[in-house]
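Undergrad: Okay, so here is target-v3.cif, and as you'll see once you scroll down, it has mmCIF, C-alpha atoms.
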```cif
data_upload
loop_
_atom_site.label_atom_id
_atom_site.label_comp_id
_atom_site.auth_asym_id
_atom_site.auth_seq_id
_atom_site.Cartn_x
_atom_site.Cartn_y
_atom_site.Cartn_z
CA VAL A 1 -43.56 -29.45 -47.01
CA GLY A 2 -42.74 -26.33 -45.04
CA PHE A 3 -43.82 -22.82 -46.00
CA ASP A 4 -42.58 -19.91 -43.90
CA PRO A 5 -44.80 -16.81 -43.63
CA THR A 6 -42.29 -14.22 -44.87
CA ALA A 7 -45.04 -12.33 -46.75
CA PRO A 8 -48.86 -12.26 -46.67
CA SER A 9 -49.01 -14.62 -49.66
CA LEU A 10 -47.22 -17.45 -51.39
CA HIS A 11 -45.91 -16.77 -54.91
CA ILE A 12 -45.47 -18.86 -58.03
CA GLY A 13 -41.97 -19.81 -56.94
CA ASN A 14 -43.77 -21.98 -54.35
CA LEU A 15 -45.98 -23.63 -56.96
CA ALA A 16 -43.49 -26.32 -58.04
CA VAL A 17 -43.38 -27.91 -54.59
CA ILE A 18 -47.14 -27.37 -54.09
CA CYS A 19 -47.87 -29.20 -57.34
CA THR A 20 -45.49 -32.00 -56.34
CA MET A 21 -47.30 -32.35 -53.02
CA ARG A 22 -50.62 -32.46 -54.89
CA ARG A 23 -49.29 -35.15 -57.26
CA LEU A 24 -48.18 -37.27 -54.30
CA GLN A 25 -51.64 -37.02 -52.77
CA LEU A 26 -53.23 -38.07 -56.07
CA ALA A 27 -50.82 -41.03 -56.09
CA GLY A 28 -52.01 -42.21 -52.67
CA HIS A 29 -50.03 -40.33 -50.01
CA ASN A 30 -51.09 -38.12 -47.12
CA PRO A 31 -49.55 -34.64 -47.52
CA ILE A 32 -48.75 -32.41 -44.56
CA PRO A 33 -48.47 -28.73 -45.53
CA LEU A 34 -46.68 -27.02 -42.66
CA VAL A 35 -46.88 -23.26 -42.24
CA GLY A 36 -44.03 -22.08 -40.04
CA GLY A 37 -45.54 -19.97 -37.31
CA ALA A 38 -42.33 -20.57 -35.32
CA THR A 39 -39.68 -20.66 -38.05
CA GLY A 40 -41.30 -17.61 -39.62
CA LEU A 41 -40.39 -15.69 -36.48
CA VAL A 42 -36.72 -16.67 -36.86
CA GLY A 43 -35.85 -16.57 -40.57
CA ASP A 44 -34.22 -19.07 -42.90
CA PRO A 45 -30.69 -18.10 -44.01
CA SER A 46 -31.00 -20.12 -47.24
CA GLY A 47 -30.20 -18.15 -50.36
CA ARG A 48 -29.61 -14.88 -48.52
CA ASN A 49 -26.53 -12.80 -47.83
CA GLU A 50 -28.01 -10.78 -44.99
CA GLU A 51 -30.26 -11.19 -41.99
CA ARG A 52 -34.02 -11.18 -42.51
CA SER A 53 -36.04 -8.48 -40.80
CA LEU A 54 -37.90 -10.01 -37.87
CA ASN A 55 -41.63 -9.33 -38.02
CA ASP A 56 -43.98 -8.87 -35.06
CA GLU A 57 -45.76 -11.98 -33.84
CA SER A 58 -49.16 -10.53 -34.75
CA VAL A 59 -47.99 -9.94 -38.33
CA VAL A 60 -46.59 -13.47 -38.65
CA GLU A 61 -49.79 -14.94 -37.19
CA ASP A 62 -51.88 -13.08 -39.79
CA TRP A 63 -49.62 -14.29 -42.59
CA VAL A 64 -49.80 -17.86 -41.27
CA ASN A 65 -53.60 -17.79 -41.48
CA ARG A 66 -53.54 -16.35 -45.00
CA ILE A 67 -51.08 -18.94 -46.27
CA ARG A 68 -52.91 -21.82 -44.62
CA LEU A 69 -56.06 -20.73 -46.48
CA GLN A 70 -54.15 -20.58 -49.76
CA LEU A 71 -52.66 -24.05 -49.31
CA SER A 72 -56.05 -25.54 -48.46
CA LYS A 73 -57.19 -24.89 -52.04
CA PHE A 74 -54.64 -27.26 -53.57
CA LEU A 75 -55.24 -30.36 -51.45
CA SER A 76 -58.08 -32.54 -50.20
CA PHE A 77 -58.53 -32.75 -46.43
CA GLU A 78 -61.04 -35.61 -46.56
CA GLY A 79 -60.93 -39.31 -47.34
CA THR A 80 -58.25 -41.98 -47.12
CA TYR A 81 -55.46 -39.68 -48.31
CA ALA A 82 -56.57 -36.61 -46.39
CA ALA A 83 -54.03 -33.85 -45.95
CA VAL A 84 -53.12 -32.55 -42.49
CA MET A 85 -52.45 -28.83 -41.96
CA ALA A 86 -49.65 -28.18 -39.46
CA ASN A 87 -48.12 -25.17 -37.69
CA ASN A 88 -44.74 -25.67 -36.01
CA LEU A 89 -45.58 -23.05 -33.40
CA ASP A 90 -47.88 -25.67 -31.83
CA TRP A 91 -44.96 -27.83 -30.65
CA THR A 92 -42.19 -25.20 -30.51
CA ARG A 93 -43.86 -22.67 -28.22
CA PRO A 94 -44.16 -25.04 -25.19
CA TYR A 95 -40.38 -25.61 -25.09
CA SER A 96 -38.36 -23.61 -22.58
CA ALA A 97 -34.90 -22.50 -23.73
CA LEU A 98 -33.23 -24.93 -21.34
CA GLN A 99 -35.44 -27.84 -22.35
CA PHE A 100 -34.80 -27.13 -26.03
CA LEU A 101 -31.04 -27.04 -25.53
CA ARG A 102 -31.00 -30.22 -23.39
CA ASP A 103 -33.48 -32.34 -25.38
CA ILE A 104 -32.84 -31.17 -28.95
CA GLY A 105 -29.65 -29.12 -29.10
CA LYS A 106 -27.47 -31.92 -27.66
CA HIS A 107 -28.04 -33.97 -30.82
CA PHE A 108 -26.44 -31.39 -33.13
CA SER A 109 -22.76 -31.10 -33.97
CA VAL A 110 -21.69 -27.51 -34.48
CA ASN A 111 -19.10 -28.73 -36.99
CA GLN A 112 -21.83 -30.29 -39.12
CA MET A 113 -24.04 -27.21 -38.76
CA LEU A 114 -21.21 -24.95 -39.95
CA ALA A 115 -20.67 -27.17 -42.98
CA LYS A 116 -24.21 -26.59 -44.31
CA ASP A 117 -24.08 -24.61 -47.57
CA SER A 118 -26.52 -21.94 -46.40
CA VAL A 119 -24.46 -21.33 -43.24
CA SER A 120 -20.99 -21.49 -44.80
CA ALA A 121 -22.07 -19.05 -47.53
CA ARG A 122 -23.25 -16.58 -44.91
CA LEU A 123 -20.05 -16.95 -42.89
CA GLU A 124 -17.99 -16.17 -45.97
CA ALA A 125 -20.23 -13.18 -46.74
CA GLY A 126 -19.66 -11.60 -43.34
CA GLY A 127 -21.39 -13.63 -40.63
CA ILE A 128 -24.67 -15.04 -39.40
CA SER A 129 -26.62 -14.49 -36.20
CA TYR A 130 -27.27 -17.25 -33.69
CA THR A 131 -30.97 -16.78 -34.47
CA GLU A 132 -30.67 -17.78 -38.13
CA PHE A 133 -27.90 -20.29 -37.37
CA SER A 134 -30.42 -22.17 -35.19
CA TYR A 135 -33.00 -22.34 -37.99
CA GLN A 136 -31.88 -25.79 -39.13
CA VAL A 137 -32.43 -27.12 -35.60
CA LEU A 138 -36.01 -25.88 -35.63
CA GLN A 139 -36.70 -27.40 -39.05
CA ALA A 140 -35.17 -30.68 -37.92
CA LEU A 141 -37.49 -30.61 -34.89
CA ASP A 142 -40.46 -30.17 -37.27
CA TYR A 143 -39.57 -33.38 -39.10
CA LEU A 144 -39.13 -35.24 -35.80
CA GLU A 145 -42.49 -34.05 -34.43
CA LEU A 146 -44.37 -34.96 -37.63
CA TYR A 147 -42.58 -38.33 -37.72
CA LYS A 148 -43.80 -39.05 -34.18
CA ALA A 149 -47.34 -37.66 -34.58
CA HIS A 150 -48.17 -38.73 -38.15
CA LYS A 151 -45.47 -41.26 -39.13
CA CYS A 152 -44.24 -38.75 -41.72
CA THR A 153 -41.23 -40.22 -43.54
CA LEU A 154 -40.75 -37.83 -46.47
CA GLN A 155 -39.95 -34.13 -46.42
CA LEU A 156 -40.07 -32.10 -49.64
CA GLY A 157 -38.48 -28.77 -50.29
CA GLY A 158 -36.52 -26.64 -52.72
CA SER A 159 -32.95 -27.66 -53.39
CA ASP A 160 -31.77 -24.95 -50.98
CA GLN A 161 -33.47 -26.91 -48.16
CA TRP A 162 -31.35 -30.06 -48.52
CA GLY A 163 -29.16 -29.38 -45.48
CA ASN A 164 -32.12 -28.57 -43.23
CA ILE A 165 -34.03 -31.69 -44.31
CA VAL A 166 -31.01 -33.96 -43.79
CA ALA A 167 -30.62 -32.47 -40.30
CA GLY A 168 -34.16 -33.70 -39.61
CA LEU A 169 -33.27 -37.20 -40.79
CA ASP A 170 -30.31 -37.26 -38.37
CA LEU A 171 -32.53 -36.10 -35.51
CA ILE A 172 -35.15 -38.80 -36.20
CA ARG A 173 -32.42 -41.44 -36.21
CA LYS A 174 -30.85 -40.19 -32.96
CA VAL A 175 -34.06 -39.62 -30.98
CA GLU A 176 -36.39 -42.32 -32.32
CA GLY A 177 -34.04 -44.77 -34.01
CA GLY A 178 -36.17 -44.29 -37.12
CA SER A 179 -35.52 -43.31 -40.72
CA GLY A 180 -37.03 -41.01 -43.30
CA HIS A 181 -36.35 -39.55 -46.71
CA ALA A 182 -35.43 -36.20 -48.28
CA PHE A 183 -36.89 -35.05 -51.59
CA THR A 184 -35.67 -31.74 -53.03
CA ILE A 185 -36.77 -29.93 -56.16
CA PRO A 186 -34.46 -27.70 -58.22
CA LEU A 187 -35.27 -24.02 -57.89
CA MET A 188 -37.04 -22.85 -61.04
CA ALA A 189 -35.11 -20.72 -63.51
CA LYS A 190 -35.91 -19.40 -66.96
CA ALA A 191 -34.09 -20.52 -70.09
CA ASP A 192 -31.95 -17.37 -69.92
CA GLY A 193 -30.89 -18.23 -66.37
CA SER A 194 -32.92 -15.52 -64.64
CA LYS A 195 -35.14 -16.25 -61.65
CA PHE A 196 -38.55 -17.69 -62.47
CA GLY A 197 -41.58 -15.82 -61.15
CA LYS A 198 -39.98 -12.37 -61.04
CA THR A 199 -41.13 -9.60 -63.35
CA ALA A 200 -40.31 -5.93 -63.70
CA SER A 201 -43.19 -5.17 -61.35
CA GLY A 202 -42.13 -7.77 -58.78
CA ALA A 203 -43.17 -11.27 -57.75
CA ILE A 204 -46.25 -13.04 -59.11
CA TRP A 205 -48.31 -13.72 -55.98
CA LEU A 206 -51.07 -16.27 -55.44
CA ASP A 207 -53.23 -13.74 -53.56
CA PRO A 208 -55.61 -12.06 -56.07
CA ALA A 209 -55.34 -8.79 -54.15
CA MET A 210 -51.57 -8.74 -54.75
CA THR A 211 -51.54 -10.12 -58.31
CA SER A 212 -54.89 -10.02 -60.07
CA PRO A 213 -56.15 -13.15 -61.85
CA TYR A 214 -55.82 -11.23 -65.13
CA ALA A 215 -52.15 -10.37 -64.44
CA PHE A 216 -51.58 -13.97 -63.30
CA PHE A 217 -53.09 -15.29 -66.54
CA GLN A 218 -51.08 -12.87 -68.64
CA PHE A 219 -47.83 -13.90 -66.94
CA TRP A 220 -48.21 -17.42 -68.31
CA ILE A 221 -49.30 -16.14 -71.73
CA GLY A 222 -46.14 -14.05 -71.89
CA ILE A 223 -43.57 -16.71 -70.98
CA ASP A 224 -40.77 -17.34 -73.43
CA ASP A 225 -41.34 -20.18 -75.91
CA ALA A 226 -38.10 -21.77 -74.68
CA ASP A 227 -39.61 -22.20 -71.20
CA VAL A 228 -42.98 -23.65 -72.18
CA GLU A 229 -42.05 -27.33 -72.32
CA LYS A 230 -40.39 -27.32 -68.90
CA LEU A 231 -43.22 -25.36 -67.29
CA LEU A 232 -45.90 -27.64 -68.73
CA LYS A 233 -44.10 -30.69 -67.37
CA VAL A 234 -43.63 -29.13 -63.94
CA PHE A 235 -47.00 -27.47 -63.43
CA SER A 236 -49.60 -29.08 -65.67
CA PHE A 237 -51.71 -32.04 -64.59
CA LYS A 238 -52.52 -32.95 -68.20
CA SER A 239 -51.54 -36.37 -69.54
CA HIS A 240 -48.28 -36.92 -71.42
CA ASP A 241 -50.25 -37.20 -74.67
CA GLU A 242 -52.03 -33.89 -74.08
CA ILE A 243 -48.76 -32.14 -73.27
CA ASN A 244 -47.08 -33.60 -76.35
CA LEU A 245 -49.90 -32.30 -78.56
CA LEU A 246 -49.46 -28.83 -77.08
CA LEU A 247 -45.70 -28.97 -77.67
CA GLU A 248 -46.32 -30.09 -81.24
CA SER A 249 -48.57 -27.06 -81.71
CA LEU A 250 -45.86 -24.82 -80.24
CA ALA A 251 -43.35 -26.18 -82.75
CA THR A 252 -45.58 -25.98 -85.83
CA ASN A 253 -47.60 -22.83 -85.08
CA PRO A 254 -45.88 -20.82 -82.32
CA GLY A 255 -47.86 -17.68 -83.12
CA ALA A 256 -51.09 -19.29 -81.93
CA ARG A 257 -49.61 -19.69 -78.43
CA GLU A 258 -51.93 -22.63 -77.83
CA ALA A 259 -49.58 -24.19 -75.28
CA HIS A 260 -49.21 -20.88 -73.43
CA ARG A 261 -52.99 -20.46 -73.27
CA ALA A 262 -53.54 -24.02 -72.04
CA LEU A 263 -50.98 -23.51 -69.26
CA ALA A 264 -52.40 -20.10 -68.33
CA ARG A 265 -55.95 -21.47 -68.28
CA GLU A 266 -55.04 -24.51 -66.16
CA LEU A 267 -52.94 -22.68 -63.57
CA THR A 268 -55.27 -19.70 -63.23
CA SER A 269 -58.11 -22.19 -62.62
CA LEU A 270 -55.99 -24.07 -60.09
CA VAL A 271 -55.02 -20.95 -58.14
CA HIS A 272 -58.06 -18.68 -58.59
CA GLY A 273 -60.90 -20.93 -59.76
CA GLU A 274 -62.49 -21.62 -63.13
CA HIS A 275 -64.71 -18.52 -63.13
CA GLU A 276 -61.79 -16.14 -62.58
CA ALA A 277 -59.75 -18.00 -65.20
CA ALA A 278 -62.57 -17.66 -67.73
CA GLN A 279 -62.94 -13.95 -66.94
CA ALA A 280 -59.18 -13.38 -67.30
CA GLU A 281 -59.11 -15.15 -70.64
CA ALA A 282 -62.19 -13.29 -71.83
CA ALA A 283 -60.57 -9.99 -70.82
CA ALA A 284 -57.38 -10.84 -72.72
CA LYS A 285 -59.39 -11.62 -75.85
CA ALA A 286 -61.73 -8.64 -75.55
CA LEU A 287 -58.93 -6.12 -75.08
CA PHE A 288 -57.44 -7.21 -78.39
CA GLY A 289 -60.73 -7.08 -80.27
CA GLN A 290 -61.55 -10.79 -80.10
CA GLY A 291 -64.47 -10.49 -77.69
CA GLU A 292 -67.02 -8.08 -76.26
CA LEU A 293 -65.68 -5.54 -73.77
CA SER A 294 -69.22 -5.09 -72.45
CA ASP A 295 -69.21 -8.71 -71.29
CA LEU A 296 -66.40 -8.07 -68.78
CA ASP A 297 -67.31 -7.32 -65.18
CA GLU A 298 -65.96 -4.15 -63.62
CA SER A 299 -63.34 -5.74 -61.37
CA THR A 300 -61.86 -7.82 -64.20
CA LEU A 301 -61.69 -4.80 -66.50
CA ALA A 302 -60.12 -2.71 -63.73
CA SER A 303 -57.43 -5.30 -63.06
CA ALA A 304 -56.72 -5.62 -66.79
CA LEU A 305 -56.33 -1.87 -67.17
CA SER A 306 -54.01 -1.73 -64.17
CA GLN A 307 -51.48 -3.60 -66.31
CA LEU A 308 -51.68 -1.09 -69.18
CA PRO A 309 -50.33 2.42 -69.80
CA ARG A 310 -53.17 4.72 -68.79
CA VAL A 311 -54.20 8.20 -67.79
CA GLU A 312 -56.81 9.49 -65.39
CA ILE A 313 -59.34 12.21 -66.15
CA LYS A 314 -61.62 13.83 -63.61
CA LYS A 315 -65.28 13.36 -64.42
CA ASN A 316 -66.00 17.07 -64.00
CA GLU A 317 -63.41 17.99 -66.64
CA ALA A 318 -63.85 18.06 -70.42
CA ILE A 319 -62.82 14.83 -72.11
CA PRO A 320 -60.00 15.36 -74.66
CA ASN A 321 -60.33 14.09 -78.21
CA LEU A 322 -58.94 10.72 -79.22
CA ILE A 323 -55.73 12.14 -80.67
CA ASP A 324 -54.91 13.82 -77.36
CA LEU A 325 -55.82 10.68 -75.38
CA LEU A 326 -53.67 8.41 -77.53
CA ALA A 327 -50.71 10.75 -77.12
CA ALA A 328 -51.27 11.20 -73.38
CA THR A 329 -51.27 7.46 -72.70
CA GLY A 330 -48.08 6.94 -74.68
CA VAL A 331 -49.61 4.33 -76.96
CA VAL A 332 -48.38 6.60 -79.80
CA SER A 333 -45.21 8.68 -79.81
CA SER A 334 -46.92 11.96 -80.68
CA LYS A 335 -50.14 13.58 -81.80
CA SER A 336 -48.90 13.34 -85.37
CA ASP A 337 -48.43 9.59 -84.87
CA ALA A 338 -51.99 9.39 -83.47
CA ARG A 339 -53.32 11.24 -86.48
CA ARG A 340 -51.51 8.88 -88.86
CA ALA A 341 -52.91 5.87 -86.97
CA ILE A 342 -56.46 7.18 -87.47
CA GLN A 343 -55.83 7.95 -91.13
CA GLY A 344 -54.38 4.47 -91.69
CA GLY A 345 -57.30 2.70 -90.05
CA GLY A 346 -55.26 1.52 -87.06
CA ALA A 347 -56.87 3.48 -84.21
CA TYR A 348 -59.55 1.91 -82.04
CA PHE A 349 -61.74 3.20 -79.23
CA ASN A 350 -63.47 0.52 -77.12
CA ASN A 351 -62.65 -1.91 -79.96
CA GLU A 352 -64.39 0.23 -82.56
CA LYS A 353 -62.28 1.56 -85.44
CA VAL A 354 -62.16 5.36 -85.48
CA SER A 355 -61.87 7.19 -88.81
CA ALA A 356 -62.64 10.77 -87.76
CA GLU A 357 -59.65 12.78 -86.54
CA ASP A 358 -61.87 14.97 -84.37
CA PHE A 359 -63.57 12.07 -82.59
CA THR A 360 -64.15 12.91 -78.91
CA PRO A 361 -65.43 10.29 -76.46
CA GLN A 362 -68.49 11.00 -74.33
CA MET A 363 -69.23 10.00 -70.75
CA SER A 364 -71.86 7.63 -72.07
CA ASP A 365 -69.10 5.69 -73.88
CA ALA A 366 -67.36 4.81 -70.63
CA LEU A 367 -67.41 1.10 -69.76
CA HIS A 368 -68.96 0.69 -66.29
CA GLY A 369 -69.02 4.49 -66.22
CA ARG A 370 -65.25 4.49 -65.65
CA PHE A 371 -63.10 3.19 -68.51
CA PHE A 372 -62.10 3.83 -72.11
CA ILE A 373 -59.96 1.29 -73.98
CA LEU A 374 -57.59 2.66 -76.64
CA ARG A 375 -55.71 0.57 -79.16
CA LYS A 376 -53.26 1.24 -81.95
CA GLY A 377 -53.01 -1.61 -84.44
CA LYS A 378 -53.40 -5.16 -83.13
CA ARG A 379 -51.37 -5.12 -79.92
CA ASP A 380 -50.64 -1.61 -78.56
CA LEU A 381 -53.14 -0.99 -75.77
CA ALA A 382 -53.79 1.78 -73.28
CA GLY A 383 -56.57 2.81 -70.93
CA VAL A 384 -58.30 5.90 -69.64
CA GLU A 385 -59.99 5.98 -66.24
CA LEU A 386 -62.57 8.57 -65.30
CA ILE A 387 -62.23 9.42 -61.63
#
```
Please render this file's structure as structure tokens.

TA:
Amino acid sequence: VGFDPTAPSLHIGNLAVICTMRRLQLAGHNPIPLVGGATGLVGDPSGRNEERSLNDESVVEDWVNRIRLQLSKFLSFEGTYAAVMANNLDWTRPYSALQFLRDIGKHFSVNQMLAKDSVSARLEAGGISYTEFSYQVLQALDYLELYKAHKCTLQLGGSDQWGNIVAGLDLIRKVEGGSGHAFTIPLMAKADGSKFGKTASGAIWLDPAMTSPYAFFQFWIGIDDADVEKLLKVFSFKSHDEINLLLESLATNPGAREAHRALARELTSLVHGEHEAAQAEAAAKALFGQGELSDLDESTLASALSQLPRVEIKKNEAIPNLIDLLAATGVVSSKSDARRAIQGGGAYFNNEKVSAEDFTPQMSDALHGRFFILRKGKRDLAGVELI
């Protein structure tokens, strides 16, 4: 499976093919995750209507190293079915332009290359550079090199990679007289047809510095009920019986979100580790009054608050009262609304119900000396950070 370094991290759109590769290893195959140090310098035209920006070699090299580290967490590199990490720059860089054209380019028909969906779509949209047009040749060379070096006979990819993978099969047949297979996976989409893995704030990344484990966990908690069955079957490594029990729970008691939590717990553990998954789940519970806020470490609480409406107050300034804080964060529509929430028993400060309208937090109330958690009712949350 090829992964091009077009960003410093993979995202959850990559997870379907990663999980498929992991399943194949568990079934007794040797996976080869390939990070495209060469193809990442060129750019894949698939699914795009314009040229990619070409990044500096040093940037691409850094992204290659980051992505290789990410991929290493999903596979075993020991034992009979050990995975092999590959970088196509290793065999592409030694080629001269003339050697590449003579030894590889002669096997490609321009007519067939123009017929590829990714190329024809770009031609209709206004044109494509020779750089991106040649991408399929480079990907075909990858398949040939891995066929020769590791007897690789199966290439996986998203459905948009079909043409590039088939080009590799043709090259193996022409150069080596051998054969291989193509295995593509439909690109993930939500039940409403929108792109999976995109949110209002952007992509959901696998790097914890780009998407915190808490935000990652909450993404899965928040998925639409209509998408849960498909996502469990694509991403979960639970048995059929376990998945069916979760789907039964979803049908009979959707409010419990048991299936959502199981998926969030499993995938956050897979991507970030069990400790981070437990912390993310504990944070989600604590913020809504189902756990102790004091049990959360500072980094987990900080990442949780980064997802909430919040205000900042300088530590050398007077702290406003709760009514002013609730209004400032937007968790209520006005100070009058804040006052009514307190009077009705629906205002909480650090998970403690507040009944006094003049309640004013103190510095000593700040969690880790930095944070206040405000809540109206059961679900409307906001935060205050002392800076």

Undergrad: Could I get the residues of range 22-118 of chain A with an atom no further than 10 Å from an atom of range 268-274 of chain A, each paired with its nearest atom pair and that distance in Å to one decimal, using only C-alpha atoms, sorted by chain and residue number, as JSON lines?

TA:
```
{"residue": "A:Gln70", "atom": "CA", "partner": "A:Val271", "partner_atom": "CA", "distance": 8.4}
{"residue": "A:Leu71", "atom": "CA", "partner": "A:Val271", "partner_atom": "CA", "distance": 9.7}
{"residue": "A:Lys73", "atom": "CA", "partner": "A:Val271", "partner_atom": "CA", "distance": 7.6}
{"residue": "A:Phe74", "atom": "CA", "partner": "A:Leu270", "partner_atom": "CA", "distance": 7.4}
```

Undergrad: Could you expand the PyMOL selection byres ((chain A and resi 354) around 12) into the explicit residues it covers here, written as a PDB file with C-alpha atoms, in the frame of the given file?

TA:
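Here's the written file part-v4.pdb:
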```pdb
ATOM      1  CA  ASN A 321     -60.330  14.090 -78.210  1.00  0.00           C
ATOM      2  CA  LEU A 322     -58.940  10.720 -79.220  1.00  0.00           C
ATOM      3  CA  ILE A 323     -55.730  12.140 -80.670  1.00  0.00           C
ATOM      4  CA  ALA A 338     -51.990   9.390 -83.470  1.00  0.00           C
ATOM      5  CA  ARG A 339     -53.320  11.240 -86.480  1.00  0.00           C
ATOM      6  CA  ARG A 340     -51.510   8.880 -88.860  1.00  0.00           C
ATOM      7  CA  ALA A 341     -52.910   5.870 -86.970  1.00  0.00           C
ATOM      8  CA  ILE A 342     -56.460   7.180 -87.470  1.00  0.00           C
ATOM      9  CA  GLN A 343     -55.830   7.950 -91.130  1.00  0.00           C
ATOM     10  CA  GLY A 344     -54.380   4.470 -91.690  1.00  0.00           C
ATOM     11  CA  GLY A 345     -57.300   2.700 -90.050  1.00  0.00           C
ATOM     12  CA  GLY A 346     -55.260   1.520 -87.060  1.00  0.00           C
ATOM     13  CA  ALA A 347     -56.870   3.480 -84.210  1.00  0.00           C
ATOM     14  CA  TYR A 348     -59.550   1.910 -82.040  1.00  0.00           C
ATOM     15  CA  PHE A 349     -61.740   3.200 -79.230  1.00  0.00           C
ATOM     16  CA  ASN A 350     -63.470   0.520 -77.120  1.00  0.00           C
ATOM     17  CA  ASN A 351     -62.650  -1.910 -79.960  1.00  0.00           C
ATOM     18  CA  GLU A 352     -64.390   0.230 -82.560  1.00  0.00           C
ATOM     19  CA  LYS A 353     -62.280   1.560 -85.440  1.00  0.00           C
ATOM     20  CA  SER A 355     -61.870   7.190 -88.810  1.00  0.00           C
ATOM     21  CA  ALA A 356     -62.640  10.770 -87.760  1.00  0.00           C
ATOM     22  CA  GLU A 357     -59.650  12.780 -86.540  1.00  0.00           C
ATOM     23  CA  ASP A 358     -61.870  14.970 -84.370  1.00  0.00           C
ATOM     24  CA  PHE A 359     -63.570  12.070 -82.590  1.00  0.00           C
ATOM     25  CA  THR A 360     -64.150  12.910 -78.910  1.00  0.00           C
ATOM     26  CA  PRO A 361     -65.430  10.290 -76.460  1.00  0.00           C
ATOM     27  CA  LEU A 374     -57.590   2.660 -76.640  1.00  0.00           C
ATOM     28  CA  ARG A 375     -55.710   0.570 -79.160  1.00  0.00           C
ATOM     29  CA  LYS A 376     -53.260   1.240 -81.950  1.00  0.00           C
ATOM     30  CA  GLY A 377     -53.010  -1.610 -84.440  1.00  0.00           C
TER      31      GLY A 377
END
```

Undergrad: Go through A:Asp227, A:Asp90, A:Asp297, A:Glu132 and flag the residue nearest Gly36 in chain A, using all atoms listed in the file for the distances.

TA: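 Checking each of A:Asp227, A:Asp90, A:Asp297, A:Glu132 against Gly36 in chain A, counting all atoms listed in the file, the winner is A:Asp90.
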
Undergrad: Could you jot down the CA of Gly105 in chain A to CA of Val137 in chain A separation for me, Å, one decimal place?

TA: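 Computed distance, CA of Gly105 in chain A to CA of Val137 in chain A, equals 7.3 Å.
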
Undergrad: Just say which residues the PyMOL selection byres ((chain A and resi 114-119) around 10) picks in this file, as an NGL selection string.

TA: :A and (44-49 or 109-113 or 120-125 or 127-128 or 132-133 or 136 or 160-164 or 167)

Undergrad: Assuming the chain letters and numbering stay as they are in my file, what does the PyMOL selection byres ((chain A and resi 187) around 10) actually select? List them as a PDB file with C-alpha atoms, keeping the file's coordinate frame.

TA:
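Output file selection-v9.pdb is given in full below:
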```
ATOM      1  CA  GLY A  13     -41.970 -19.810 -56.940  1.00  0.00           C
ATOM      2  CA  ASN A  14     -43.770 -21.980 -54.350  1.00  0.00           C
ATOM      3  CA  ALA A  16     -43.490 -26.320 -58.040  1.00  0.00           C
ATOM      4  CA  VAL A  17     -43.380 -27.910 -54.590  1.00  0.00           C
ATOM      5  CA  GLY A 157     -38.480 -28.770 -50.290  1.00  0.00           C
ATOM      6  CA  GLY A 158     -36.520 -26.640 -52.720  1.00  0.00           C
ATOM      7  CA  SER A 159     -32.950 -27.660 -53.390  1.00  0.00           C
ATOM      8  CA  ASP A 160     -31.770 -24.950 -50.980  1.00  0.00           C
ATOM      9  CA  THR A 184     -35.670 -31.740 -53.030  1.00  0.00           C
ATOM     10  CA  ILE A 185     -36.770 -29.930 -56.160  1.00  0.00           C
ATOM     11  CA  PRO A 186     -34.460 -27.700 -58.220  1.00  0.00           C
ATOM     12  CA  MET A 188     -37.040 -22.850 -61.040  1.00  0.00           C
ATOM     13  CA  ALA A 189     -35.110 -20.720 -63.510  1.00  0.00           C
ATOM     14  CA  LYS A 195     -35.140 -16.250 -61.650  1.00  0.00           C
ATOM     15  CA  PHE A 196     -38.550 -17.690 -62.470  1.00  0.00           C
TER      16      PHE A 196
END
```

Undergrad: Find the residues around Ile313 in chain A up to 12 Å (only C-alpha atoms counted), leave out those fewer than 5 positions away in its own chain, and share them as a PyMOL selection string.

TA: chain A and resi 318-320+325+328-329+363+366+370-372+383-387

Undergrad: Between A:His240, A:Lys314, A:Gly177, A:Gln307, which is the closest to Gln218 in chain A once you count only C-alpha atoms?

TA: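 Of A:His240, A:Lys314, A:Gly177, A:Gln307, the one nearest Gln218 in chain A, counting only C-alpha atoms, is A:Gln307.
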
Undergrad: Need the shell around Ala226 in chain A: protein/DNA/RNA residues with any atom at most 9 Å away, counting all atoms listed in the file. Skip same-chain ones fewer than 6 positions apart. Format as a list in words?

TA: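 Close residues of Ala226 in chain A: Lys190, Ala191 and Asp192 of chain A.
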
Undergrad: Pull the neighbourhood of (-46.7, -15.0, -52.2) for me: all residues within 8 Å in file coordinates, counting all atoms listed in the file, as a list in words.

TA: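 Residues with an atom at most 8 Å from (-46.7, -15.0, -52.2): Ala7, Pro8, Ser9, Leu10, His11, Ile12, Asn14, Ala203, Ile204, Trp205, Leu206 and Asp207 of chain A.
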
Undergrad: I'd like to know which of A:Val64, A:Leu154, A:Met210, A:Leu138 is closest to Leu24 in chain A, using all atoms listed in the file.

TA: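 So, comparing all the options, the nearest one is A:Leu154.
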
Undergrad: Can you measure CA of Ile243 in chain A to CA of Leu26 in chain A for me? One decimal in Å is fine.

TA: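 Spanning CA of Ile243 in chain A to CA of Leu26 in chain A is a straight-line distance of 18.7 Å.
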
Undergrad: Around (-54.2, -10.8, -66.4), as given in the file, which residues come within 6 Å? Count all atoms listed in the file and list them as an MDAnalysis selection string.

TA: chainID A and resid 213:218 280 304

Undergrad: So which one's closest to Leu305 in chain A, A:Ser58, A:Ser129, A:Gln139, A:Ser212? Using all atoms listed in the file, please.

TA: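 With all atoms listed in the file as the atom set, the closest residue is A:Ser212.
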
Undergrad: For CA of Ala282 in chain A and CA of Glu258 in chain A, determine how far apart the two atoms are, in Å to one decimal place.

TA: 15.1 Å
